[in-house]
Amino acid sequence: MTDKNWEDMTPQEKRANRLHRWLNNDSNLPDDEAKQAYRTRVQRLIDVYNIEEPDRVPVNLPVGNLPLKLAGINAHTAMYDYEKALEAYAKFNEKYGSELEVNASPFVTPGRILDILDYKIYAWPGHGASENATGWQYIEGEYMTADEYDELIRDPSDFWMRKYLPRVFGILEPMKMFQPFTNITENVHIFQLMPLAMPPVQEMLQKLLDAGKEFQNMMQMMMRASGGGAAGGFAGFLGGFAKAPFDTIGDTLRGTTGIMQDMFRRPAKLLEALDVVADLTIKTILNSPNISNMTTVIYPLHKGADGWMSQKAFDTFYWPSLKKVMDAFINEGLIQNLFAEGGFNTRLESVNEFPKGAVTWYFDRTDMSLAKKILGDNCCLQGNVPSSMIVTGTPEETKEYCRNLIETAGKGGGFILASGSVADNPRLENLQAMMAAVREYGFYKK
């Protein structure tokens, strides 16, 4: 690797440096066999990220909630009894990990913490949804009013702390009692903190401590459960999480109806806010304490899909701020992994403007033949196996679909076999069929 200082490296050199560190991050593995398995899997992914032919097509199996289902545990139990959930994942990995070449992540969503925080924007099993529901349900709302754009633009941190967060976390409602913290510039202004003497604020602080203790308990259990993957050479990589600025405002603040109206009623204000959110997104990732160990940044793209807006609107409101974020991270050597929900067939030509190997597109329902033709020389592609097929199809249908996908999108490398999205209640037989297709049709001739 280069001996240059980080700030003197090119984006390509930074990217190569991150991938080199990832490949050689095997010191915590227990033996040579695990180290070799780890390096084989990582090198396979590095090859496809570089748009080259690996030894074999990698596969990203949609395990979803299958470990819980096989253990007879519903999502509500998993969210409130971490030990049972982690035990279910451990048993699944022990029984099927080698066969499926997967280490199901021992991650659980902490229901008790959500209860303490009084989280408003999701329903989950046993809280706004049936205990037998399989996942989250977003509760769309107008969490920022149209006349608050100026407050967001002027001081986003203050808006977040005293307006947005109290609306989505019931526990933080007392934050409305405070004045902007930037008002505290001299000792005389310390009295701006007078709300600390008020019982609702003190109760809020105590509940935050309770949430912190519950987080600590959960993380200790997860740390104990995470060692199983290392033994099989499944040590993962560290990635950041970001959203398109348009999705941040449309999902999180204004809601779908609100942002659709804003595109016509206050387009200039929306564009200004998108630029502010883009800068915040960039700073959040680049200021992360783990930034030096990150390899990718993952984005779920919600509102840019075919049919959601016109191409002109996409080119005006959606793409420029997202590209600004991506360019900043590409400059730091981070691979951009975009999960394009829905179809992106009409967007493919307009998004093909990045250096080779800088972007991975994870497609849900996009035509993979078309995507390969337009993006395949520069971008890694993955996805497109229908989630409905994984849940309700036959192993024969699944294997045949995967064969066609490998032969279409896998030519020349740069392809990861995966479902269009994570499926709830996947059939084990269909995951086995995906692996069978890879082992039979996915090897490259050297």
# chains A, B, ... in the order shown; residues from 1 in each chain; ligands from 1
>>> select_by_dssp(residues="stretch 112-265 of chain A", states="alpha helix (DSSP H)", output="tab-separated table (two decimals) with C-alpha atoms, in the first residue's frame")
chain	number	residue	atom	x	y	z
A	112	ARG	CA	-38.06	-2.21	25.82
A	113	ILE	CA	-35.90	0.71	24.72
A	114	LEU	CA	-38.50	1.80	22.19
A	115	ASP	CA	-41.10	1.67	24.96
A	116	ILE	CA	-38.98	3.79	27.30
A	117	LEU	CA	-38.32	6.35	24.56
A	149	TYR	CA	-38.21	25.16	6.58
A	150	ASP	CA	-36.41	28.35	7.60
A	151	GLU	CA	-35.77	26.99	11.10
A	152	LEU	CA	-34.32	23.78	9.68
A	153	ILE	CA	-32.12	25.69	7.23
A	154	ARG	CA	-30.95	28.30	9.77
A	156	PRO	CA	-30.73	22.22	11.89
A	157	SER	CA	-29.30	21.02	15.21
A	158	ASP	CA	-31.55	23.34	17.19
A	159	PHE	CA	-34.56	22.40	15.09
A	165	LEU	CA	-37.14	14.93	18.35
A	166	PRO	CA	-39.83	15.90	20.91
A	167	ARG	CA	-42.41	15.04	18.25
A	168	VAL	CA	-41.09	11.56	17.52
A	199	PRO	CA	-40.01	17.74	37.25
A	200	PRO	CA	-40.85	16.80	33.62
A	201	VAL	CA	-37.24	17.46	32.57
A	202	GLN	CA	-35.84	15.52	35.51
A	203	GLU	CA	-38.17	12.62	34.71
A	204	MET	CA	-36.98	12.74	31.10
A	205	LEU	CA	-33.33	12.56	32.16
A	206	GLN	CA	-34.05	9.60	34.44
A	207	LYS	CA	-35.77	7.74	31.62
A	208	LEU	CA	-32.81	8.41	29.35
A	209	LEU	CA	-30.60	6.79	31.97
A	210	ASP	CA	-32.97	3.81	32.05
A	211	ALA	CA	-32.75	3.53	28.26
A	212	GLY	CA	-28.96	3.69	28.49
A	213	LYS	CA	-28.86	0.80	30.96
A	214	GLU	CA	-31.11	-1.27	28.72
A	215	PHE	CA	-28.86	-0.51	25.75
A	216	GLN	CA	-25.88	-1.66	27.79
A	217	ASN	CA	-27.62	-4.90	28.70
A	218	MET	CA	-28.58	-5.59	25.09
A	219	MET	CA	-25.12	-4.80	23.70
A	220	GLN	CA	-23.42	-7.08	26.23
A	221	MET	CA	-25.62	-9.96	25.11
A	222	MET	CA	-24.99	-9.22	21.44
A	223	MET	CA	-21.25	-9.06	21.97
A	224	ARG	CA	-21.31	-12.48	23.61
A	225	ALA	CA	-23.34	-13.87	20.71
A	227	GLY	CA	-18.24	-14.66	18.29
A	228	GLY	CA	-19.79	-17.56	16.41
A	229	GLY	CA	-19.30	-15.93	13.02
A	230	ALA	CA	-15.59	-15.43	13.53
A	231	ALA	CA	-15.03	-19.15	14.10
A	245	PRO	CA	-31.59	13.91	1.32
A	246	PHE	CA	-34.95	13.92	-0.48
A	247	ASP	CA	-35.89	10.74	1.39
A	255	GLY	CA	-44.19	13.09	4.83
A	256	THR	CA	-45.00	11.98	1.29
A	257	THR	CA	-47.94	14.34	0.79
A	258	GLY	CA	-46.03	17.27	2.25
A	259	ILE	CA	-42.92	16.92	0.11
A	260	MET	CA	-44.98	16.35	-3.06
A	261	GLN	CA	-46.76	19.64	-2.40
A	262	ASP	CA	-43.48	21.38	-1.59
A	263	MET	CA	-42.03	20.42	-5.00
A	264	PHE	CA	-44.68	22.73	-6.54
A	265	ARG	CA	-45.49	25.26	-3.82
>>> select_by_dssp(residues="stretch 403-438 of chain A", states="strand (DSSP E)", output="ChimeraX atom specification")
/A:415-418
>>> closest_residue(among="A:Glu186, A:Glu349, A:Asp279, A:Glu140", to="A:Thr252", atoms="only C-alpha atoms")
A:Glu140
>>> closest_residue(among="A:Leu280, A:Ala90, A:Leu253, A:Leu417", to="A:Ser105", atoms="only C-alpha atoms")
A:Ala90
>>> closest_residue(among="A:Val359, A:Ala313, A:Val277, A:Leu286", to="A:Glu332", atoms="only C-alpha atoms")
A:Leu286
>>> residues_around(residues="A:Leu375", least_positions_apart="3", cutoff="12 Å", atoms="only C-alpha atoms", output="ChimeraX atom specification")
/A:51,344-345,347-363,367-372,378-382,409,414-415
>>> residues_around(residues="A:Met161", least_positions_apart="6", cutoff="9 Å", atoms="only C-alpha atoms", output="ChimeraX atom specification")
/A:172,175-176,180
>>> closest_residue(among="A:Met309, A:Leu19, A:Leu405, A:Ala133", to="A:Asn65", atoms="only C-alpha atoms")
A:Ala133
>>> closest_residue(among="A:Ile285, A:Val438, A:Ile298, A:Ala305", to="A:Leu338", atoms="only C-alpha atoms")
A:Ile298
